[in-house]
>>> print(open('coords.cif').read())   # mmCIF, C-alpha atoms
data_protein
loop_
_atom_site.label_atom_id
_atom_site.label_comp_id
_atom_site.auth_asym_id
_atom_site.auth_seq_id
_atom_site.Cartn_x
_atom_site.Cartn_y
_atom_site.Cartn_z
CA MET A 1186 -31.89 -37.09 4.21
CA MET A 1187 -28.17 -36.58 4.81
CA GLN A 1188 -27.90 -35.09 1.33
CA ILE A 1189 -30.63 -32.53 2.09
CA ILE A 1190 -28.95 -31.58 5.37
CA GLY A 1191 -25.62 -31.29 3.54
CA THR A 1192 -27.14 -29.02 0.90
CA TRP A 1193 -28.56 -26.75 3.60
CA ILE A 1194 -25.19 -26.65 5.39
CA ALA A 1195 -23.41 -25.80 2.12
CA ALA A 1196 -25.98 -23.10 1.32
CA GLY A 1197 -25.67 -21.59 4.81
CA LEU A 1198 -21.88 -21.52 4.58
CA THR A 1199 -22.03 -20.02 1.07
CA LEU A 1200 -24.32 -17.21 2.26
CA ALA A 1201 -22.15 -16.66 5.34
CA ILE A 1202 -19.08 -16.11 3.14
CA PHE A 1203 -21.04 -13.86 0.75
CA SER A 1204 -22.17 -11.75 3.73
CA PHE A 1205 -18.64 -10.30 3.76
CA LEU A 1206 -19.62 -8.27 0.69
CA TYR A 1207 -21.74 -6.15 3.03
CA LYS A 1208 -19.08 -5.91 5.76
CA ASP A 1209 -17.05 -8.06 8.12
CA ASN A 1210 -19.53 -9.81 10.43
CA PRO A 1211 -19.81 -12.78 12.82
CA PHE A 1212 -21.37 -15.06 10.17
CA TYR A 1213 -18.38 -14.56 7.90
CA LYS A 1214 -15.94 -15.03 10.78
CA PHE A 1215 -17.71 -18.27 11.75
CA ALA A 1216 -17.43 -19.65 8.19
CA GLU A 1217 -13.84 -18.44 7.84
CA HIS A 1218 -12.68 -20.16 11.04
CA LEU A 1219 -14.60 -23.30 10.21
CA TYR A 1220 -12.91 -23.36 6.80
CA VAL A 1221 -9.43 -23.14 8.36
CA GLY A 1222 -10.15 -25.91 10.88
CA VAL A 1223 -11.81 -28.29 8.43
CA SER A 1224 -9.21 -27.71 5.68
CA ALA A 1225 -6.28 -28.23 8.06
CA ALA A 1226 -7.65 -31.55 9.30
CA TYR A 1227 -8.40 -32.61 5.70
CA ALA A 1228 -4.84 -31.79 4.57
CA ILE A 1229 -3.25 -33.62 7.51
CA LEU A 1230 -5.31 -36.77 6.99
CA TYR A 1231 -4.75 -36.64 3.24
CA VAL A 1232 -0.95 -36.52 3.62
CA LEU A 1233 -0.89 -39.21 6.32
CA TYR A 1234 -3.14 -41.52 4.29
CA PHE A 1235 -1.62 -41.01 0.83
CA ASP A 1236 2.04 -40.36 1.72
CA VAL A 1237 3.12 -41.62 5.14
CA LYS A 1238 0.97 -44.77 5.23
CA PRO A 1239 1.81 -46.22 1.77
CA LEU A 1240 5.41 -45.01 1.63
CA LEU A 1241 6.43 -45.84 5.19
CA VAL A 1242 4.00 -48.06 7.12
CA ASP A 1243 2.73 -50.30 4.30
CA LYS A 1244 6.20 -50.63 2.77
CA PHE A 1245 7.77 -51.48 6.12
CA ILE A 1246 5.26 -54.30 6.51
CA SER A 1247 5.56 -55.62 2.95
CA GLU A 1248 9.31 -55.20 2.23
CA GLN A 1249 12.02 -57.66 3.29
CA GLY A 1250 15.70 -57.35 4.27
CA GLY A 1251 17.62 -54.11 3.68
CA GLU A 1252 14.77 -52.40 1.81
CA ARG A 1253 12.70 -52.78 4.95
CA TRP A 1254 15.22 -51.52 7.49
CA ILE A 1255 16.37 -48.56 5.42
CA LEU A 1256 12.87 -47.12 5.90
CA LEU A 1257 13.87 -46.47 9.49
CA VAL A 1258 16.07 -43.63 8.19
CA PRO A 1259 13.21 -41.40 6.93
CA ALA A 1260 11.17 -42.44 9.97
CA ALA A 1261 14.01 -41.26 12.21
CA PHE A 1262 14.26 -37.98 10.30
CA GLY A 1263 10.49 -37.56 10.62
CA LEU A 1264 10.67 -38.14 14.38
CA MET A 1265 13.58 -35.70 14.61
CA MET A 1266 11.30 -33.08 13.08
CA LEU A 1267 8.96 -33.64 16.04
CA ALA A 1268 11.89 -32.98 18.40
CA ARG A 1269 10.83 -29.33 18.24
CA TRP A 1270 8.26 -30.28 20.89
CA ILE A 1271 11.09 -31.03 23.36
CA PRO A 1272 13.21 -27.90 23.93
CA LYS A 1273 16.29 -29.86 25.11
CA VAL A 1274 16.64 -31.73 21.81
CA SER A 1275 14.83 -29.31 19.50
CA TRP A 1276 18.10 -28.77 17.57
CA LEU A 1277 17.65 -32.27 16.14
CA SER A 1278 14.84 -30.94 13.95
CA ARG A 1279 17.52 -29.04 11.98
CA TRP A 1280 18.74 -32.38 10.63
CA SER A 1281 15.31 -33.11 9.17
CA ILE A 1282 15.01 -29.58 7.82
CA ALA A 1283 18.49 -29.94 6.30
CA LEU A 1284 17.43 -33.17 4.57
CA THR A 1285 14.31 -31.60 3.04
CA VAL A 1286 16.17 -28.41 2.09
CA GLY A 1287 18.99 -30.43 0.49
CA ILE A 1288 16.57 -32.52 -1.58
CA ALA A 1289 14.56 -29.43 -2.57
CA ALA A 1290 17.77 -27.58 -3.54
CA GLY A 1291 18.99 -30.54 -5.62
CA LEU A 1292 15.62 -30.72 -7.35
CA GLY A 1293 15.72 -26.93 -7.67
CA ILE A 1294 18.71 -27.31 -9.97
CA THR A 1295 17.84 -30.43 -11.96
CA GLY A 1296 14.10 -29.78 -12.08
CA GLN A 1297 14.45 -26.18 -13.19
CA ILE A 1298 16.98 -27.06 -15.90
CA GLN A 1299 15.00 -30.00 -17.21
CA GLY A 1300 11.48 -28.77 -16.63
CA ILE A 1301 11.63 -25.01 -17.17
CA LEU A 1302 14.87 -23.56 -18.51
CA LEU A 1303 15.61 -25.84 -21.48
CA PRO A 1304 11.96 -26.21 -22.67
CA GLN A 1305 11.43 -22.44 -22.48
CA ILE A 1306 14.66 -21.71 -24.40
CA ARG A 1307 13.79 -24.43 -26.92
CA GLY A 1308 10.33 -22.88 -27.37
CA THR A 1309 11.89 -19.47 -27.96
CA LEU A 1310 14.38 -20.62 -30.58
CA VAL A 1311 11.92 -20.53 -33.47
CA PRO A 1312 12.65 -19.64 -37.12
CA LEU A 1313 12.12 -15.92 -37.66
CA THR A 1314 9.81 -16.46 -40.60
CA THR A 1315 6.58 -15.00 -39.21
CA VAL A 1316 5.69 -11.79 -37.38
CA ASN A 1317 4.50 -13.79 -34.39
CA ASN A 1318 7.80 -15.67 -34.13
CA VAL A 1319 9.75 -12.40 -34.30
CA LEU A 1320 7.52 -10.91 -31.62
CA MET A 1321 8.05 -13.99 -29.46
CA VAL A 1322 11.84 -13.78 -29.63
CA VAL A 1323 11.88 -9.99 -29.14
CA GLY A 1324 9.42 -10.31 -26.25
CA VAL A 1325 11.48 -12.95 -24.39
CA ILE A 1326 14.77 -11.10 -24.86
CA SER A 1327 13.37 -7.70 -23.89
CA THR A 1328 11.65 -9.19 -20.80
CA LEU A 1329 14.98 -10.71 -19.75
CA ILE A 1330 16.65 -7.32 -20.28
CA TYR A 1331 14.03 -5.68 -18.05
CA PHE A 1332 14.96 -8.08 -15.21
CA TYR A 1333 18.70 -7.67 -15.79
CA PHE A 1334 19.90 -5.49 -12.93
CA SER A 1335 23.66 -6.07 -13.13
CA ALA A 1336 24.07 -2.97 -15.32
CA ALA A 1337 22.27 0.38 -15.33
CA HIS A 1338 19.44 0.60 -17.85
CA LYS A 1339 21.14 3.15 -20.10
CA GLY A 1340 21.56 3.37 -23.87
CA ALA A 1341 20.42 0.23 -25.73
CA LEU A 1342 19.53 -1.52 -22.47
CA ARG A 1343 17.11 1.30 -21.65
CA TYR A 1344 15.16 0.76 -24.86
CA GLY A 1345 15.28 -3.02 -24.39
CA ALA A 1346 13.97 -2.71 -20.83
CA ARG A 1347 11.25 -0.29 -21.94
CA LEU A 1348 10.09 -2.74 -24.60
CA GLY A 1349 10.24 -5.53 -22.03
CA MET A 1350 7.94 -3.46 -19.80
CA VAL A 1351 5.39 -3.26 -22.64
CA PHE A 1352 5.36 -7.06 -23.00
CA ILE A 1353 5.21 -7.58 -19.24
CA MET A 1354 2.24 -5.21 -18.89
CA MET A 1355 0.41 -7.02 -21.68
CA ALA A 1356 1.13 -10.34 -19.95
CA PHE A 1357 -0.09 -9.00 -16.60
CA GLY A 1358 -3.23 -7.61 -18.21
CA ALA A 1359 -3.93 -10.95 -19.88
CA SER A 1360 -3.26 -12.87 -16.66
CA PHE A 1361 -5.52 -10.46 -14.78
CA GLY A 1362 -8.32 -10.96 -17.31
CA TYR A 1363 -7.86 -14.71 -17.12
CA THR A 1364 -7.96 -14.67 -13.31
CA VAL A 1365 -11.10 -12.50 -13.27
CA MET A 1366 -12.85 -14.91 -15.63
CA ALA A 1367 -11.88 -17.87 -13.42
CA ARG A 1368 -13.27 -16.12 -10.33
CA ILE A 1369 -16.45 -15.13 -12.17
CA SER A 1370 -16.81 -18.76 -13.20
CA LEU A 1371 -16.60 -19.80 -9.53
CA LEU A 1372 -19.15 -17.13 -8.63
CA ILE A 1373 -21.54 -18.44 -11.30
CA GLY A 1374 -20.99 -21.94 -9.88
CA ARG A 1375 -21.99 -20.84 -6.38
CA LEU A 1376 -25.04 -18.90 -7.62
CA HIS A 1377 -26.01 -21.92 -9.72
CA PHE A 1378 -25.79 -24.08 -6.59
CA LEU A 1379 -27.98 -21.69 -4.61
CA VAL A 1380 -30.64 -21.32 -7.32
CA TYR A 1381 -30.71 -24.84 -8.81
CA GLU A 1382 -29.69 -27.19 -5.98
CA TRP A 1383 -30.71 -25.40 -2.81
CA LEU A 1384 -33.74 -23.23 -3.62
CA ARG A 1385 -34.64 -25.24 -6.75
CA LEU A 1386 -36.17 -22.12 -8.29
CA VAL A 1387 -35.33 -23.42 -11.75
CA LYS A 1388 -35.75 -27.05 -12.81
CA MET B 1108 28.44 -29.68 15.43
CA LYS B 1109 24.85 -28.43 15.68
CA LYS B 1110 25.36 -26.53 12.44
CA GLU B 1111 28.02 -28.59 10.66
CA ILE B 1112 26.00 -31.81 10.53
CA PRO B 1113 22.88 -30.16 9.02
CA LEU B 1114 25.12 -28.39 6.47
CA ALA B 1115 26.71 -31.74 5.58
CA ILE B 1116 23.29 -33.39 5.24
CA THR B 1117 22.13 -30.62 2.90
CA PHE B 1118 25.33 -30.82 0.85
CA ILE B 1119 25.25 -34.62 0.51
CA THR B 1120 21.53 -34.91 -0.33
CA GLY B 1121 21.68 -32.00 -2.80
CA LEU B 1122 24.77 -33.47 -4.44
CA ILE B 1123 23.18 -36.93 -4.71
CA ILE B 1124 20.14 -35.48 -6.48
CA ILE B 1125 22.35 -33.60 -8.97
CA VAL B 1126 24.73 -36.52 -9.58
CA THR B 1127 21.89 -38.99 -10.15
CA PHE B 1128 20.46 -36.60 -12.73
CA PHE B 1129 23.64 -36.88 -14.79
CA ILE B 1130 24.49 -40.52 -13.94
CA PRO B 1131 21.17 -42.39 -13.85
CA HIS B 1132 22.86 -45.82 -13.42
CA GLN B 1133 23.05 -48.20 -10.45
CA PRO B 1134 23.70 -47.73 -7.59
CA LEU B 1135 22.92 -44.03 -8.05
CA GLY B 1136 19.93 -44.62 -10.31
CA THR B 1137 17.47 -45.43 -7.51
CA MET B 1138 18.88 -42.91 -5.05
CA GLN B 1139 16.91 -39.95 -6.39
CA GLN B 1140 13.63 -41.87 -6.20
CA ARG B 1141 14.50 -43.08 -2.71
CA LEU B 1142 15.29 -39.55 -1.51
CA LEU B 1143 12.04 -38.25 -2.97
CA ILE B 1144 10.15 -40.89 -0.98
CA TRP B 1145 12.04 -39.87 2.16
CA TYR B 1146 11.16 -36.25 1.42
CA SER B 1147 7.43 -37.10 1.29
CA ILE B 1148 7.66 -39.09 4.52
CA VAL B 1149 9.45 -36.31 6.44
CA LEU B 1150 6.98 -33.72 5.10
CA GLY B 1151 4.18 -35.95 6.41
CA PHE B 1152 5.59 -35.61 9.91
CA THR B 1153 5.73 -31.82 9.56
CA MET B 1154 1.94 -31.86 9.19
CA LEU B 1155 1.80 -33.01 12.83
CA LEU B 1156 3.84 -29.95 13.81
CA GLY B 1157 1.37 -27.78 11.92
CA MET B 1158 -1.54 -29.43 13.70
CA ASP B 1159 0.10 -28.81 17.08
CA SER B 1160 0.75 -25.16 16.24
CA LEU B 1161 -2.80 -24.54 15.03
CA LEU B 1162 -4.43 -26.21 18.05
CA ARG B 1163 -2.05 -24.65 20.56
CA SER B 1164 -2.53 -21.06 19.35
CA ASN B 1165 -6.32 -21.39 19.23
CA LEU B 1166 -6.55 -23.14 22.60
CA GLN B 1167 -4.54 -20.26 24.05
CA ARG B 1168 -7.00 -17.78 22.53
CA ILE B 1169 -9.83 -19.65 24.24
CA ALA B 1170 -8.02 -19.97 27.58
CA ARG B 1171 -7.19 -16.24 27.65
CA ARG B 1172 -10.66 -15.27 26.47
CA SER B 1173 -9.01 -13.18 23.75
CA PRO B 1174 -11.30 -11.09 21.51
CA GLY B 1175 -13.14 -13.41 19.12
CA TRP B 1176 -12.32 -16.55 21.15
CA PRO B 1177 -15.64 -18.26 20.25
CA PHE B 1178 -14.41 -18.38 16.65
CA ALA B 1179 -11.26 -20.17 17.81
CA LEU B 1180 -13.62 -22.71 19.36
CA VAL B 1181 -15.41 -23.06 16.01
CA LEU B 1182 -12.03 -23.71 14.35
CA ILE B 1183 -11.12 -26.41 16.86
CA ILE B 1184 -14.53 -28.08 16.62
CA GLY B 1185 -14.26 -28.04 12.82
CA PHE B 1186 -10.75 -29.47 13.01
CA LEU B 1187 -11.57 -32.23 15.49
CA GLY B 1188 -14.85 -33.07 13.77
CA THR B 1189 -13.13 -33.51 10.41
CA LEU B 1190 -10.34 -35.50 12.05
CA ALA B 1191 -12.91 -37.79 13.69
CA ALA B 1192 -14.79 -38.23 10.39
CA GLY B 1193 -11.50 -39.03 8.63
CA ILE B 1194 -10.32 -41.54 11.24
CA TYR B 1195 -13.73 -43.24 11.21
CA THR B 1196 -13.64 -43.46 7.39
CA TRP B 1197 -10.02 -44.70 7.50
CA ALA B 1198 -11.03 -47.49 9.88
CA THR B 1199 -14.29 -48.55 8.24
CA SER B 1200 -14.01 -47.82 4.49
CA GLU B 1201 -11.91 -49.18 1.66
CA SER B 1202 -10.36 -45.78 1.01
CA LEU B 1203 -10.26 -42.42 2.76
CA LEU B 1204 -11.98 -40.93 -0.30
CA SER B 1205 -14.71 -43.58 -0.62
CA LEU B 1206 -17.90 -42.09 -2.02
CA GLY B 1207 -20.59 -41.80 0.64
CA SER B 1208 -18.09 -41.86 3.52
CA SER B 1209 -18.27 -39.34 6.34
CA PHE B 1210 -14.92 -37.84 5.27
CA MET B 1211 -16.20 -37.22 1.73
CA TYR B 1212 -19.39 -35.77 3.24
CA VAL B 1213 -17.27 -33.14 5.01
CA TYR B 1214 -15.36 -32.51 1.78
CA THR B 1215 -18.50 -32.17 -0.35
CA TYR B 1216 -20.68 -30.10 1.95
CA PHE B 1217 -18.11 -28.07 3.89
CA ILE B 1218 -14.79 -27.72 2.06
CA ILE B 1219 -16.06 -27.36 -1.53
CA PRO B 1220 -18.66 -24.62 -0.83
CA LEU B 1221 -16.38 -22.75 1.58
CA GLN B 1222 -13.40 -22.84 -0.76
CA ALA B 1223 -15.31 -22.02 -3.95
CA THR B 1224 -17.23 -19.16 -2.31
CA MET B 1225 -14.10 -17.75 -0.69
CA PHE B 1226 -12.34 -17.62 -4.07
CA SER B 1227 -15.43 -16.34 -5.89
CA LEU B 1228 -15.46 -13.38 -3.47
CA LEU B 1229 -12.22 -12.32 -5.12
CA ALA B 1230 -14.17 -11.52 -8.28
CA PHE B 1231 -15.67 -8.51 -6.48
CA PHE B 1232 -12.42 -7.37 -4.89
CA ILE B 1233 -10.47 -7.79 -8.13
CA ALA B 1234 -13.08 -5.61 -9.85
CA SER B 1235 -12.65 -2.82 -7.29
CA ALA B 1236 -8.84 -3.14 -7.46
CA ALA B 1237 -9.04 -2.97 -11.25
CA TYR B 1238 -10.98 0.28 -11.04
CA ARG B 1239 -8.05 1.85 -9.19
CA ALA B 1240 -5.25 0.22 -11.20
CA PHE B 1241 -6.69 0.52 -14.68
CA ARG B 1242 -7.16 4.25 -14.98
CA ALA B 1243 -5.34 4.86 -18.26
CA ARG B 1244 -2.85 7.43 -17.03
CA THR B 1245 0.31 5.92 -18.51
CA LEU B 1246 1.18 3.73 -21.48
CA GLU B 1247 1.69 0.73 -19.15
CA ALA B 1248 -1.69 1.18 -17.43
CA THR B 1249 -3.39 1.58 -20.80
CA LEU B 1250 -1.82 -1.65 -22.09
CA LEU B 1251 -2.91 -3.44 -18.91
CA LEU B 1252 -6.46 -2.12 -19.35
CA ILE B 1253 -6.74 -3.00 -23.05
CA THR B 1254 -5.30 -6.52 -22.82
CA ALA B 1255 -7.35 -7.36 -19.71
CA ALA B 1256 -10.55 -6.08 -21.36
CA VAL B 1257 -9.87 -7.95 -24.61
CA VAL B 1258 -9.05 -11.22 -22.80
CA MET B 1259 -12.13 -10.93 -20.56
CA LEU B 1260 -14.50 -10.15 -23.44
CA GLY B 1261 -12.82 -12.60 -25.79
CA ARG B 1262 -13.38 -15.50 -23.39
CA VAL B 1263 -17.17 -15.18 -23.10
CA PRO B 1264 -19.90 -15.73 -25.73
CA ILE B 1265 -20.91 -12.05 -25.72
CA GLY B 1266 -17.42 -11.18 -26.98
CA ALA B 1267 -17.93 -13.18 -30.18
CA GLU B 1268 -21.40 -11.63 -30.50
CA ILE B 1269 -19.88 -8.14 -30.44
CA SER B 1270 -17.16 -9.01 -32.93
CA GLN B 1271 -15.24 -12.13 -33.95
CA TRP B 1272 -12.17 -9.92 -33.62
CA LEU B 1273 -12.39 -10.13 -29.80
CA PRO B 1274 -11.92 -13.91 -29.31
CA ASP B 1275 -9.27 -13.97 -32.05
CA SER B 1276 -7.37 -11.10 -30.41
CA ALA B 1277 -7.70 -12.72 -26.97
CA SER B 1278 -6.15 -15.91 -28.33
CA TRP B 1279 -3.35 -13.96 -30.03
CA ILE B 1280 -2.58 -12.03 -26.82
CA MET B 1281 -2.40 -15.27 -24.85
CA GLU B 1282 -0.25 -17.07 -27.43
CA VAL B 1283 2.24 -14.34 -28.41
CA PRO B 1284 2.91 -11.31 -26.14
CA GLN B 1285 1.68 -12.98 -22.97
CA MET B 1286 3.65 -16.16 -23.72
CA ALA B 1287 6.78 -14.14 -24.62
CA ALA B 1288 6.78 -12.18 -21.35
CA LYS B 1289 5.98 -15.30 -19.30
CA ARG B 1290 8.83 -17.15 -20.98
CA GLY B 1291 11.20 -14.34 -20.03
CA ILE B 1292 9.90 -14.41 -16.44
CA PHE B 1293 10.10 -18.24 -16.25
CA ILE B 1294 13.68 -18.24 -17.55
CA GLY B 1295 14.62 -15.56 -14.99
CA VAL B 1296 12.92 -17.46 -12.16
CA ALA B 1297 14.63 -20.72 -13.20
CA LEU B 1298 18.05 -19.05 -13.25
CA GLY B 1299 17.36 -17.49 -9.85
CA THR B 1300 16.21 -20.82 -8.38
CA ILE B 1301 19.32 -22.58 -9.70
CA ALA B 1302 21.59 -19.90 -8.23
CA MET B 1303 19.83 -20.00 -4.85
CA SER B 1304 19.86 -23.83 -4.80
CA LEU B 1305 23.61 -23.82 -5.45
CA ARG B 1306 24.10 -21.36 -2.58
CA VAL B 1307 22.08 -23.63 -0.27
CA ILE B 1308 23.93 -26.80 -1.29
CA LEU B 1309 27.34 -25.13 -0.91
CA GLY B 1310 26.37 -23.81 2.53
CA LEU B 1311 26.54 -20.14 1.56
CA GLU B 1312 22.84 -19.67 2.34
CA ARG B 1313 22.11 -20.83 5.89
CA THR B 1314 19.01 -18.93 6.94
CA TYR B 1315 17.01 -22.18 7.14
CA LEU B 1316 19.16 -23.18 10.14
CA THR B 1317 18.33 -20.14 12.27
#
>>> encode(input="coords.cif", output="C-alpha cells")
Amino acid sequence: MMQIIGTWIAAGLTLAIFSFLYKDNPFYKFAEHLYVGVSAAYAILYVLYFDVKPLLVDKFISEQGGERWILLVPAAFGLMMLARWIPKVSWLSRWSIALTVGIAAGLGITGQIQGILLPQIRGTLVPLTTVNNVLMVVGVISTLIYFYFSAAHKGALRYGARLGMVFIMMAFGASFGYTVMARISLLIGRLHFLVYEWLRLVK
Amino acid sequence: MKKEIPLAITFITGLIIIVTFFIPHQPLGTMQQRLLIWYSIVLGFTMLLGMDSLLRSNLQRIARRSPGWPFALVLIIGFLGTLAAGIYTWATSESLLSLGSSFMYVYTYFIIPLQATMFSLLAFFIASAAYRAFRARTLEATLLLITAAVVMLGRVPIGAEISQWLPDSASWIMEVPQMAAKRGIFIGVALGTIAMSLRVILGLERTYLT
C-alpha cells in the first residue's frame, strides 16, 4: 500500500516539475520548494550520520587515552563554527574557517600535483609515432597557449592560441553533446516511470 | 589577534598537509589523515549553520507574509518531515539507509523523482540554448555544432544505423581532440589552484576572513 502511495506521490511530483515546460506555475513552485526542503534535511542527516557520528561520537566512546581526548580539538573547532549564532563571539568562527581553509589549501597543492598535474602531463608525453598522438600533444600545448595571458597573443602565440581555440571548441561541443545525451537519458527514465510504473500502460 | 590567529591556523594546517606529503613518516605520517578527519567533523557542524539559515529565512518569509510565503511553508514542512523521518530511522533501524525505512521512503519517492525530473528538464532548455548558440556563423560555432551533433548521434543506436562512421567519429572526438583540450584546461586549473593555495597558506589571500 505504501509503495502505491509512494508511486502516486512520485508521479505527481514528476508532473508538477514537467508543468514548468508550459510556464512557471504554482505546481512547479510547490515541487521546487519541497525539493529544496527535503534535500537539505537529507544532506544534513547524511553528513551527521556518516561523518560526525562515526568520526567524532563513536570514536570518542571507543578510543582510549590521548586518541580519545584529542577528538575534543575538532569538536571545539566545530562548536566555534556555531559561534556565528552569538554576535559577541562570532569572530571565533574564523578559527574554524581558517582550519578548513588551511587544510583545503594544503590539499589544493598536494592533491592537484599528485592527482591532476602529474598524471595529465604523463598522459601527454606520448611518443609522436601516430597522428592521434601528435594531435594530442599539439592540442594540449595550444590549449595552454590559449589560456596564457602573461604575453599578448601576437606572432607565433597568436597562431598557437587560435589553434587552441579550435581544440577547445571541439571539446565544448563534445561535452555539450555528452551532457544533452545524459539529460535525455534522465528524461527517458522519467517517462519510463510514468508509463511503466505509474500508469502501467505497457507491461 | 582576531586576524593573526586564524592566519596562523591556516599557515600551520596547510604546511602540515604539504610536509606530510613529502615526509610520510611518523609522527607526521598520521597527521594528514587526522586533519582530514577533523575537516570532515568541522564541515559536519557547518551543516547546522546551513539548516539555521534556511529555516530562518523561510520563517521570516512566512512571518512577513512575503509574496509566495505558502511555498516557504511547503519547504519547511518538507524539511521537518524529512528530518523527523531520518531521526526516527536513526533511532529504530540498523542504518540510516536501511531498505524499507521511512528515510529511504522519502529518498525513493520524493528526492529521486524530484531530482531526476529537475535535471531532465534541462534537456529542453539545452536544446533551445543550442538553437541560439549553434548557428554556424563562425568557424568556432561550426566546430561546436559539428562535434556536438556527431557525439549526440554517435552515442545512440540510430547513429550506427545511419553510418558506422558516426559512432567511430564520436569515439575519436572524445579520445583525441576533446581529451587534448581538457588536458590543457585541467593542467591550467591545477596550476591556478596551486598558486591560489600558496597565496592562502602564506596569508596573501585573506578574503575568507572578511
>>> resolve_selection(input="coords.cif", expression="the PyMOL selection byres ((chain A) within 6 of (chain B))", output="PyMOL selection string")
chain A and resi 1191+1195+1199+1215+1218-1219+1222-1223+1226+1229+1232+1237+1259+1263+1280+1283-1285+1287-1288+1290-1291+1293-1294+1297+1302+1321+1324-1325+1328-1329+1352-1356+1358-1359+1362+1365+1368-1369+1371-1372
>>> atom_distance(input="coords.cif", atom1="CA of Thr1245 in chain B", atom2="CA of Val1351 in chain A")
11.3 Å
>>> atom_distance(input="coords.cif", atom1="CA of Gly1251 in chain A", atom2="CA of Ser1278 in chain A")
25.5 Å
>>> atom_distance(input="coords.cif", atom1="CA of Ile1306 in chain A", atom2="CA of Pro1131 in chain B")
24.1 Å
>>> closest_residue(input="coords.cif", among="A:Ser1327, A:Ser1370, A:Thr1364, A:Ser1224", to="Arg1347 in chain A", atoms="all atoms listed in the file")
A:Ser1327
>>> resolve_selection(input="coords.cif", expression="the PyMOL selection byres ((chain A and resi 1202) around 7)", output="count of residues only")
11
>>> decode(input="coords.cif", residues="range 1306-1347 of chain A", atoms="C-alpha atoms", output="PDB file, in the first residue's frame")
ATOM      1  CA  ILE A1306      51.460  15.681 -18.084  1.00  0.00           C
ATOM      2  CA  ARG A1307      52.406  11.989 -18.034  1.00  0.00           C
ATOM      3  CA  GLY A1308      49.436  11.221 -20.301  1.00  0.00           C
ATOM      4  CA  THR A1309      50.506  13.945 -22.714  1.00  0.00           C
ATOM      5  CA  LEU A1310      54.122  12.816 -23.003  1.00  0.00           C
ATOM      6  CA  VAL A1311      53.443  10.118 -25.589  1.00  0.00           C
ATOM      7  CA  PRO A1312      55.727   9.005 -28.449  1.00  0.00           C
ATOM      8  CA  LEU A1313      54.955  11.021 -31.571  1.00  0.00           C
ATOM      9  CA  THR A1314      54.531   7.931 -33.712  1.00  0.00           C
ATOM     10  CA  THR A1315      50.845   8.241 -34.641  1.00  0.00           C
ATOM     11  CA  VAL A1316      48.671  11.079 -35.920  1.00  0.00           C
ATOM     12  CA  ASN A1317      46.483  10.849 -32.839  1.00  0.00           C
ATOM     13  CA  ASN A1318      49.478  11.211 -30.508  1.00  0.00           C
ATOM     14  CA  VAL A1319      50.708  14.248 -32.443  1.00  0.00           C
ATOM     15  CA  LEU A1320      47.230  15.773 -32.292  1.00  0.00           C
ATOM     16  CA  MET A1321      47.103  15.112 -28.547  1.00  0.00           C
ATOM     17  CA  VAL A1322      50.396  16.890 -27.859  1.00  0.00           C
ATOM     18  CA  VAL A1323      49.578  19.788 -30.211  1.00  0.00           C
ATOM     19  CA  GLY A1324      46.096  20.086 -28.695  1.00  0.00           C
ATOM     20  CA  VAL A1325      47.349  20.257 -25.087  1.00  0.00           C
ATOM     21  CA  ILE A1326      50.097  22.767 -25.871  1.00  0.00           C
ATOM     22  CA  SER A1327      47.874  25.015 -27.997  1.00  0.00           C
ATOM     23  CA  THR A1328      45.119  24.947 -25.330  1.00  0.00           C
ATOM     24  CA  LEU A1329      47.680  26.020 -22.726  1.00  0.00           C
ATOM     25  CA  ILE A1330      48.825  28.807 -25.056  1.00  0.00           C
ATOM     26  CA  TYR A1331      45.218  29.998 -25.404  1.00  0.00           C
ATOM     27  CA  PHE A1332      44.989  30.376 -21.604  1.00  0.00           C
ATOM     28  CA  TYR A1333      48.406  32.042 -21.335  1.00  0.00           C
ATOM     29  CA  PHE A1334      47.662  35.695 -20.688  1.00  0.00           C
ATOM     30  CA  SER A1335      51.065  36.903 -19.466  1.00  0.00           C
ATOM     31  CA  ALA A1336      52.005  37.987 -23.001  1.00  0.00           C
ATOM     32  CA  ALA A1337      49.945  39.464 -25.838  1.00  0.00           C
ATOM     33  CA  HIS A1338      48.737  36.900 -28.362  1.00  0.00           C
ATOM     34  CA  LYS A1339      50.901  38.159 -31.232  1.00  0.00           C
ATOM     35  CA  GLY A1340      53.094  36.377 -33.763  1.00  0.00           C
ATOM     36  CA  ALA A1341      53.547  32.647 -33.055  1.00  0.00           C
ATOM     37  CA  LEU A1342      51.443  32.876 -29.884  1.00  0.00           C
ATOM     38  CA  ARG A1343      48.525  34.172 -31.956  1.00  0.00           C
ATOM     39  CA  TYR A1344      48.534  31.101 -34.175  1.00  0.00           C
ATOM     40  CA  GLY A1345      49.006  28.818 -31.162  1.00  0.00           C
ATOM     41  CA  ALA A1346      46.075  30.443 -29.358  1.00  0.00           C
ATOM     42  CA  ARG A1347      43.922  30.244 -32.492  1.00  0.00           C
TER      43      ARG A1347
END
